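Next comes query.txt, a file with compact mmCIF, C-alpha atoms and all ligand atoms.
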```txt
# COMPACT_ATOMS: atom_id res chain seq x y z
CA MET F 1 -65.26 -20.49 17.80
CA ASN F 2 -68.91 -21.61 17.88
CA ILE F 3 -69.16 -24.94 19.69
CA ALA F 4 -72.05 -27.39 19.96
CA LEU F 5 -72.04 -29.68 22.99
CA ILE F 6 -73.57 -33.14 22.64
CA GLY F 7 -74.06 -34.77 26.03
CA TYR F 8 -74.40 -32.37 28.94
CA GLY F 9 -73.29 -34.55 31.82
CA LYS F 10 -70.12 -34.38 33.92
CA MET F 11 -67.80 -33.80 30.95
CA GLY F 12 -70.24 -31.57 29.04
CA HIS F 13 -70.45 -29.17 32.01
CA GLU F 14 -66.67 -29.15 32.53
CA ILE F 15 -66.06 -28.50 28.80
CA GLU F 16 -68.55 -25.61 28.82
CA GLN F 17 -66.51 -23.84 31.54
CA ILE F 18 -63.19 -24.35 29.77
CA ALA F 19 -64.67 -23.27 26.41
CA PHE F 20 -65.94 -20.00 27.96
CA SER F 21 -62.57 -19.37 29.60
CA ARG F 22 -60.87 -19.69 26.17
CA GLY F 23 -63.27 -17.21 24.56
CA HIS F 24 -65.53 -19.65 22.69
CA LYS F 25 -69.33 -19.58 22.41
CA ILE F 26 -71.58 -22.56 23.12
CA ILE F 27 -74.32 -22.17 20.52
CA SER F 28 -76.13 -25.48 20.99
CA ILE F 29 -76.41 -28.04 23.79
CA ILE F 30 -77.99 -31.38 22.92
CA ASP F 31 -78.84 -34.04 25.47
CA VAL F 32 -81.27 -36.94 25.60
CA ASN F 33 -84.39 -34.72 25.88
CA ASN F 34 -83.76 -32.44 22.88
CA ILE F 35 -82.30 -34.73 20.21
CA ALA F 36 -84.44 -32.88 17.60
CA ASP F 37 -82.02 -29.94 17.96
CA PHE F 38 -79.64 -31.73 15.60
CA ASP F 39 -81.92 -30.19 12.93
CA SER F 40 -81.72 -26.68 14.37
CA PRO F 41 -79.93 -23.86 12.49
CA GLU F 42 -77.78 -23.25 15.61
CA PHE F 43 -76.42 -26.80 15.61
CA LYS F 44 -75.90 -26.81 11.84
CA SER F 45 -73.86 -23.60 12.05
CA ALA F 46 -71.42 -24.90 14.71
CA ASP F 47 -67.70 -24.86 13.86
CA VAL F 48 -67.33 -28.09 15.80
CA ALA F 49 -69.39 -30.42 18.00
CA ILE F 50 -67.84 -31.88 21.15
CA GLU F 51 -69.53 -35.17 21.99
CA PHE F 52 -69.40 -36.83 25.44
CA SER F 53 -72.58 -38.90 25.78
CA THR F 54 -73.02 -42.65 26.26
CA PRO F 55 -71.55 -45.71 24.50
CA ASP F 56 -74.98 -46.65 23.08
CA SER F 57 -75.86 -43.23 21.69
CA ALA F 58 -72.49 -42.09 20.33
CA ILE F 59 -72.55 -43.56 16.80
CA GLU F 60 -76.06 -42.24 16.06
CA ASN F 61 -74.92 -38.78 17.20
CA TYR F 62 -71.85 -38.97 14.93
CA ARG F 63 -74.09 -39.89 11.98
CA LYS F 64 -76.22 -36.80 12.70
CA CYS F 65 -73.10 -34.59 12.86
CA PHE F 66 -71.90 -36.00 9.53
CA ALA F 67 -75.33 -35.39 7.97
CA ALA F 68 -75.01 -31.73 9.03
CA ASN F 69 -71.32 -31.55 7.98
CA VAL F 70 -70.31 -30.48 11.50
CA PRO F 71 -66.79 -31.61 12.54
CA VAL F 72 -66.78 -33.86 15.61
CA VAL F 73 -64.50 -34.07 18.63
CA ALA F 74 -65.49 -37.42 20.12
CA GLY F 75 -64.87 -38.27 23.75
CA THR F 76 -67.38 -41.04 24.38
CA THR F 77 -65.80 -44.46 24.84
CA GLY F 78 -67.26 -47.94 24.32
CA TRP F 79 -68.47 -47.50 20.70
CA LEU F 80 -65.32 -48.61 18.85
CA ASP F 81 -67.07 -51.46 16.98
CA HIS F 82 -68.27 -48.69 14.64
CA MET F 83 -64.83 -47.22 13.99
CA ASP F 84 -64.69 -48.47 10.37
CA GLU F 85 -67.91 -46.59 9.54
CA VAL F 86 -66.52 -43.38 11.06
CA LYS F 87 -63.18 -43.69 9.24
CA LYS F 88 -65.05 -44.31 5.97
CA ALA F 89 -67.15 -41.16 6.49
CA CYS F 90 -63.87 -39.25 6.84
CA ALA F 91 -62.00 -40.88 3.97
CA GLU F 92 -64.86 -41.04 1.46
CA GLY F 93 -67.41 -38.53 2.78
CA GLY F 94 -65.06 -35.62 3.52
CA GLN F 95 -65.97 -35.50 7.23
CA THR F 96 -63.80 -34.36 10.15
CA PHE F 97 -63.60 -36.58 13.23
CA PHE F 98 -61.16 -36.29 16.15
CA TYR F 99 -61.05 -39.22 18.55
CA ALA F 100 -59.06 -39.73 21.74
CA SER F 101 -59.77 -42.36 24.35
CA ASN F 102 -58.32 -39.81 26.76
CA TYR F 103 -57.88 -36.07 26.11
CA SER F 104 -55.60 -35.22 29.03
CA LEU F 105 -52.02 -34.18 28.30
CA GLY F 106 -50.77 -36.18 31.30
CA VAL F 107 -52.40 -39.39 30.08
CA ASN F 108 -50.96 -38.86 26.59
CA ILE F 109 -47.49 -38.49 28.15
CA PHE F 110 -48.30 -41.71 30.03
CA PHE F 111 -49.28 -43.43 26.73
CA ALA F 112 -45.84 -42.55 25.32
CA MET F 113 -44.09 -43.81 28.52
CA ASN F 114 -46.11 -47.02 28.31
CA LYS F 115 -44.92 -47.71 24.75
CA TYR F 116 -41.31 -46.90 25.65
CA LEU F 117 -41.36 -49.23 28.66
CA ALA F 118 -43.05 -51.98 26.62
CA ARG F 119 -40.29 -51.72 23.98
CA MET F 120 -37.69 -52.27 26.72
CA MET F 121 -39.63 -55.15 28.29
CA ASN F 122 -39.90 -56.93 24.94
CA ASN F 123 -36.40 -58.28 25.62
CA TYR F 124 -37.25 -59.60 29.10
CA PRO F 125 -39.77 -62.45 28.90
CA ASP F 126 -39.37 -63.28 32.60
CA TYR F 127 -41.68 -60.33 33.33
CA SER F 128 -45.45 -60.80 33.16
CA VAL F 129 -47.53 -57.69 32.42
CA ARG F 130 -50.98 -56.80 33.69
CA MET F 131 -53.09 -53.68 34.14
CA GLU F 132 -55.41 -52.23 36.76
CA GLU F 133 -57.90 -49.46 36.02
CA THR F 134 -60.14 -47.79 38.61
CA HIS F 135 -63.07 -45.45 37.85
CA HIS F 136 -66.21 -44.05 39.48
CA ILE F 137 -69.24 -46.29 39.85
CA HIS F 138 -71.23 -44.45 37.10
CA LYS F 139 -68.90 -45.54 34.30
CA LEU F 140 -70.80 -47.69 31.79
CA ASP F 141 -67.96 -49.40 29.89
CA ALA F 142 -65.19 -51.71 31.08
CA PRO F 143 -62.32 -51.77 30.45
CA SER F 144 -61.97 -48.02 29.98
CA GLY F 145 -61.07 -46.65 26.54
CA THR F 146 -57.80 -45.48 28.11
CA ALA F 147 -57.02 -49.02 29.30
CA ILE F 148 -57.66 -50.34 25.78
CA THR F 149 -55.25 -47.74 24.30
CA LEU F 150 -52.64 -48.72 26.91
CA ALA F 151 -53.10 -52.42 26.10
CA GLU F 152 -52.74 -51.67 22.38
CA GLY F 153 -49.49 -49.79 23.13
CA ILE F 154 -48.12 -52.88 24.89
CA ILE F 155 -49.31 -55.32 22.19
CA GLU F 156 -47.63 -53.19 19.48
CA ASN F 157 -44.31 -53.39 21.30
CA ILE F 158 -44.13 -56.76 23.08
CA ASP F 159 -43.95 -59.69 20.67
CA ARG F 160 -45.20 -62.20 23.26
CA LYS F 161 -48.49 -60.30 23.76
CA GLU F 162 -51.31 -60.46 21.21
CA SER F 163 -54.53 -59.43 22.97
CA TRP F 164 -56.06 -58.12 26.18
CA ASN F 165 -58.55 -59.83 28.40
CA LEU F 166 -60.69 -58.88 31.38
CA GLU F 167 -59.55 -60.09 34.82
CA THR F 168 -57.72 -63.34 34.18
CA GLU F 169 -54.68 -64.05 32.11
CA ASN F 170 -56.21 -66.83 30.00
CA SER F 171 -53.14 -67.38 27.91
CA PRO F 172 -49.56 -66.10 28.08
CA LYS F 173 -50.41 -64.03 24.99
CA ASP F 174 -53.10 -62.01 26.88
CA ILE F 175 -52.71 -58.88 29.00
CA ALA F 176 -55.06 -59.20 31.97
CA ILE F 177 -56.99 -55.99 32.76
CA HIS F 178 -58.52 -55.76 36.23
CA CYS F 179 -61.33 -53.14 36.38
CA ILE F 180 -62.42 -51.61 39.69
CA ARG F 181 -65.50 -49.35 40.03
CA GLU F 182 -65.38 -47.34 43.23
CA GLY F 183 -66.82 -44.06 44.60
CA GLU F 184 -66.25 -40.96 42.44
CA ILE F 185 -62.69 -41.72 41.25
CA PRO F 186 -62.02 -39.81 37.95
CA GLY F 187 -59.56 -42.45 36.66
CA ILE F 188 -56.46 -44.41 37.72
CA HIS F 189 -54.45 -46.63 35.35
CA GLU F 190 -51.48 -48.75 36.39
CA ILE F 191 -49.30 -51.06 34.27
CA ILE F 192 -47.51 -53.69 36.32
CA TYR F 193 -44.56 -55.83 35.20
CA GLU F 194 -43.62 -58.62 37.56
CA SER F 195 -40.82 -61.18 37.68
CA GLU F 196 -39.69 -63.53 40.44
CA VAL F 197 -37.29 -60.91 41.73
CA ASP F 198 -39.07 -57.57 41.43
CA THR F 199 -42.04 -55.47 40.32
CA ILE F 200 -41.92 -52.46 38.01
CA SER F 201 -45.04 -50.32 37.66
CA ILE F 202 -46.09 -47.03 36.08
CA LYS F 203 -49.28 -45.26 37.15
CA HIS F 204 -51.41 -42.30 36.12
CA ASP F 205 -53.92 -40.89 38.60
CA SER F 206 -56.32 -38.13 37.43
CA LYS F 207 -57.14 -35.64 40.19
CA ASN F 208 -60.23 -34.27 38.40
CA ARG F 209 -61.78 -33.84 34.92
CA LYS F 210 -60.26 -30.42 34.11
CA GLY F 211 -57.33 -31.82 32.11
CA LEU F 212 -59.71 -33.97 30.05
CA ALA F 213 -62.01 -31.03 29.29
CA LEU F 214 -59.12 -28.71 28.40
CA GLY F 215 -57.68 -31.33 26.03
CA ALA F 216 -61.06 -31.73 24.30
CA VAL F 217 -61.41 -27.96 23.76
CA ILE F 218 -57.83 -27.70 22.43
CA ALA F 219 -58.63 -30.63 20.10
CA ALA F 220 -61.70 -28.70 18.86
CA GLU F 221 -59.50 -25.67 18.15
CA PHE F 222 -57.06 -27.97 16.31
CA ALA F 223 -59.81 -29.71 14.27
CA LYS F 224 -61.35 -26.48 13.00
CA GLY F 225 -60.70 -26.15 9.26
CA LYS F 226 -59.13 -29.64 8.97
CA LYS F 227 -60.53 -32.71 7.19
CA GLY F 228 -60.25 -36.41 7.93
CA PHE F 229 -59.68 -38.64 10.93
CA LEU F 230 -57.54 -36.95 13.60
CA THR F 231 -55.97 -38.17 16.84
CA MET F 232 -53.84 -36.82 19.69
CA ASN F 233 -50.74 -38.00 17.76
CA ASP F 234 -51.56 -35.45 15.03
CA MET F 235 -51.94 -32.72 17.65
CA LEU F 236 -49.14 -33.44 20.13
CA ASN F 237 -46.33 -34.74 17.90
CA PHE F 238 -44.84 -36.97 20.63
N1 LIG F 301 -62.10 -39.42 25.94
C1 LIG F 301 -61.96 -38.88 27.15
O1 LIG F 301 -60.98 -38.18 27.45
C2 LIG F 301 -63.05 -39.08 28.18
C3 LIG F 301 -62.99 -38.46 29.43
C4 LIG F 301 -64.05 -38.61 30.32
C5 LIG F 301 -65.15 -39.38 29.96
N2 LIG F 301 -65.16 -39.99 28.75
C6 LIG F 301 -66.33 -40.72 28.27
O2 LIG F 301 -67.29 -39.74 27.89
C7 LIG F 301 -68.61 -40.26 28.09
C8 LIG F 301 -69.40 -39.27 28.95
O3 LIG F 301 -68.79 -39.13 30.21
P1 LIG F 301 -69.48 -38.26 31.38
O4 LIG F 301 -68.63 -38.52 32.56
O5 LIG F 301 -69.75 -36.88 30.94
O6 LIG F 301 -70.87 -39.06 31.53
P2 LIG F 301 -72.25 -38.52 32.13
O7 LIG F 301 -73.07 -39.73 32.42
O8 LIG F 301 -72.00 -37.57 33.26
O9 LIG F 301 -72.91 -37.70 30.93
C9 LIG F 301 -73.44 -38.30 29.77
C10 LIG F 301 -74.53 -37.39 29.23
O10 LIG F 301 -74.95 -37.90 27.97
C11 LIG F 301 -76.38 -37.72 27.93
N3 LIG F 301 -76.98 -38.54 26.88
C12 LIG F 301 -77.55 -39.77 26.99
N4 LIG F 301 -78.02 -40.15 25.79
C13 LIG F 301 -77.77 -39.13 24.93
C14 LIG F 301 -78.02 -38.94 23.54
N5 LIG F 301 -78.65 -39.86 22.81
N6 LIG F 301 -77.59 -37.79 22.98
C15 LIG F 301 -76.94 -36.84 23.71
N7 LIG F 301 -76.69 -36.98 25.03
C16 LIG F 301 -77.09 -38.11 25.62
C17 LIG F 301 -76.83 -38.05 29.34
O11 LIG F 301 -78.15 -37.58 29.58
C18 LIG F 301 -75.76 -37.33 30.15
O12 LIG F 301 -76.12 -35.98 30.38
C19 LIG F 301 -68.42 -41.65 28.69
O13 LIG F 301 -68.43 -42.60 27.64
C20 LIG F 301 -67.02 -41.60 29.30
O14 LIG F 301 -66.40 -42.86 29.36
C21 LIG F 301 -64.13 -39.85 27.87
```
Write-out of the structure in structure tokens:
Amino acid sequence: MNIALIGYGKMGHEIEQIAFSRGHKIISIIDVNNIADFDSPEFKSADVAIEFSTPDSAIENYRKCFAANVPVVAGTTGWLDHMDEVKKACAEGGQTFFYASNYSLGVNIFFAMNKYLARMMNNYPDYSVRMEETHHIHKLDAPSGTAITLAEGIIENIDRKESWNLETENSPKDIAIHCIREGEIPGIHEIIYESEVDTISIKHDSKNRKGLALGAVIAAEFAKGKKGFLTMNDMLNF
């Protein structure tokens, strides 16, 4: 497969290695200093673009991919205000867009565990629920996209919860998310249920970025030849 990389930072470099190891070619690499390459024949001929850039630049990059009819595997977080525009480009403009707030298999298993536990806890209102997420100090968005997906999984399944909130539990209907930025930590997420008598918690701790990069390349292989808006649920069938 011919892959274009958009954003050549920590994830872009990791994805390049995994893509090579799976026999793919990287035919275009676009970062902040060569944005004009979106108009290059190499970029336009890519089977798929894998995009891990910054929250502020992501939507403009997606628009450029759509203009070139190049399918997108999107990893950047913190741009979700524009989700309606992206879904419209897929539904009405025939584009292909794969989005996951987290591409690692382990985290997607954790997402499924989170929903299962939340369904059980729906019947036990004596338990409060809160979340802690810890990432490296370079991360630009808070809470993480992964934390938002986890919060959505809880809200879908616990009737007494309607929204998430940073830090403090403003109302009993909120899930409080505490964000810590520390050192070079790739990502830790913990969901904590607490009653007067005990604490139940589930935790995912990424050891490095390899699982994320592998998941993004497998998503690119999955997206090739497909149309529409795709997610990990389409790929993993959990
Ligand atoms: N979905 C997931 O599984 C997942 C996993 C890890 C990181 N992320 C997200 O991916 C994004 C990138 O993460 P990272 O750790 O590689 O960050 P990074 O800071 O190491 O790399 C970002 C790169 O984007 C480049 N960039 C800036 N503006 C650009 C533009 N207009 N066009 C193209 N490139 C541009 C930067 O120069 C840099 O090289 C972040 O939003 C992060 O939260 C998502």
Could you list, as number ranges by chain, all protein and nucleic acid residues with an atom at most 9 Å from ligand LIG 301 (chain F), counting only C-alpha atoms and all ligand atoms? F: 5-14, 29-35, 51-58, 60-61, 74-79, 99-104, 138-141, 144-146, 186-187, 209, 211-213, 215-216
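Nearest residue to Ala46 (chain F) among F:Met120, F:Ile59, F:Ile3, F:Leu105 is F:Ile3, counting only C-alpha atoms.
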Just want the 10 Å neighbourhood of region 200-202 of chain F, counted on all atoms listed in the file, with same-chain residues fewer than 3 positions away dropped. Output as a list in words. Phe110, Met113, Asn114, Leu117, Tyr127, Val129, Arg130, Met131, His189, Glu190, Ile191, Ile192, Tyr193, Glu194 and Ser195 of chain F
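CA of Ile109 (chain F) sits 12.7 Å away from CA of Thr149 (chain F).
In terms of minimum interatomic distance to Gly228 (chain F), F:Ala91 ranks closest within F:Ile18, F:Ile155, F:Val197, F:Ala91, counting all atoms listed in the file.
What separates CA of Pro143 (chain F) from CA of Glu182 (chain F) is a distance of 13.9 Å.
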Nearest-residue call for His136 (chain F), choices F:Leu166, F:Cys179, F:Ile148, F:Ala118, using all atoms listed in the file: F:Cys179
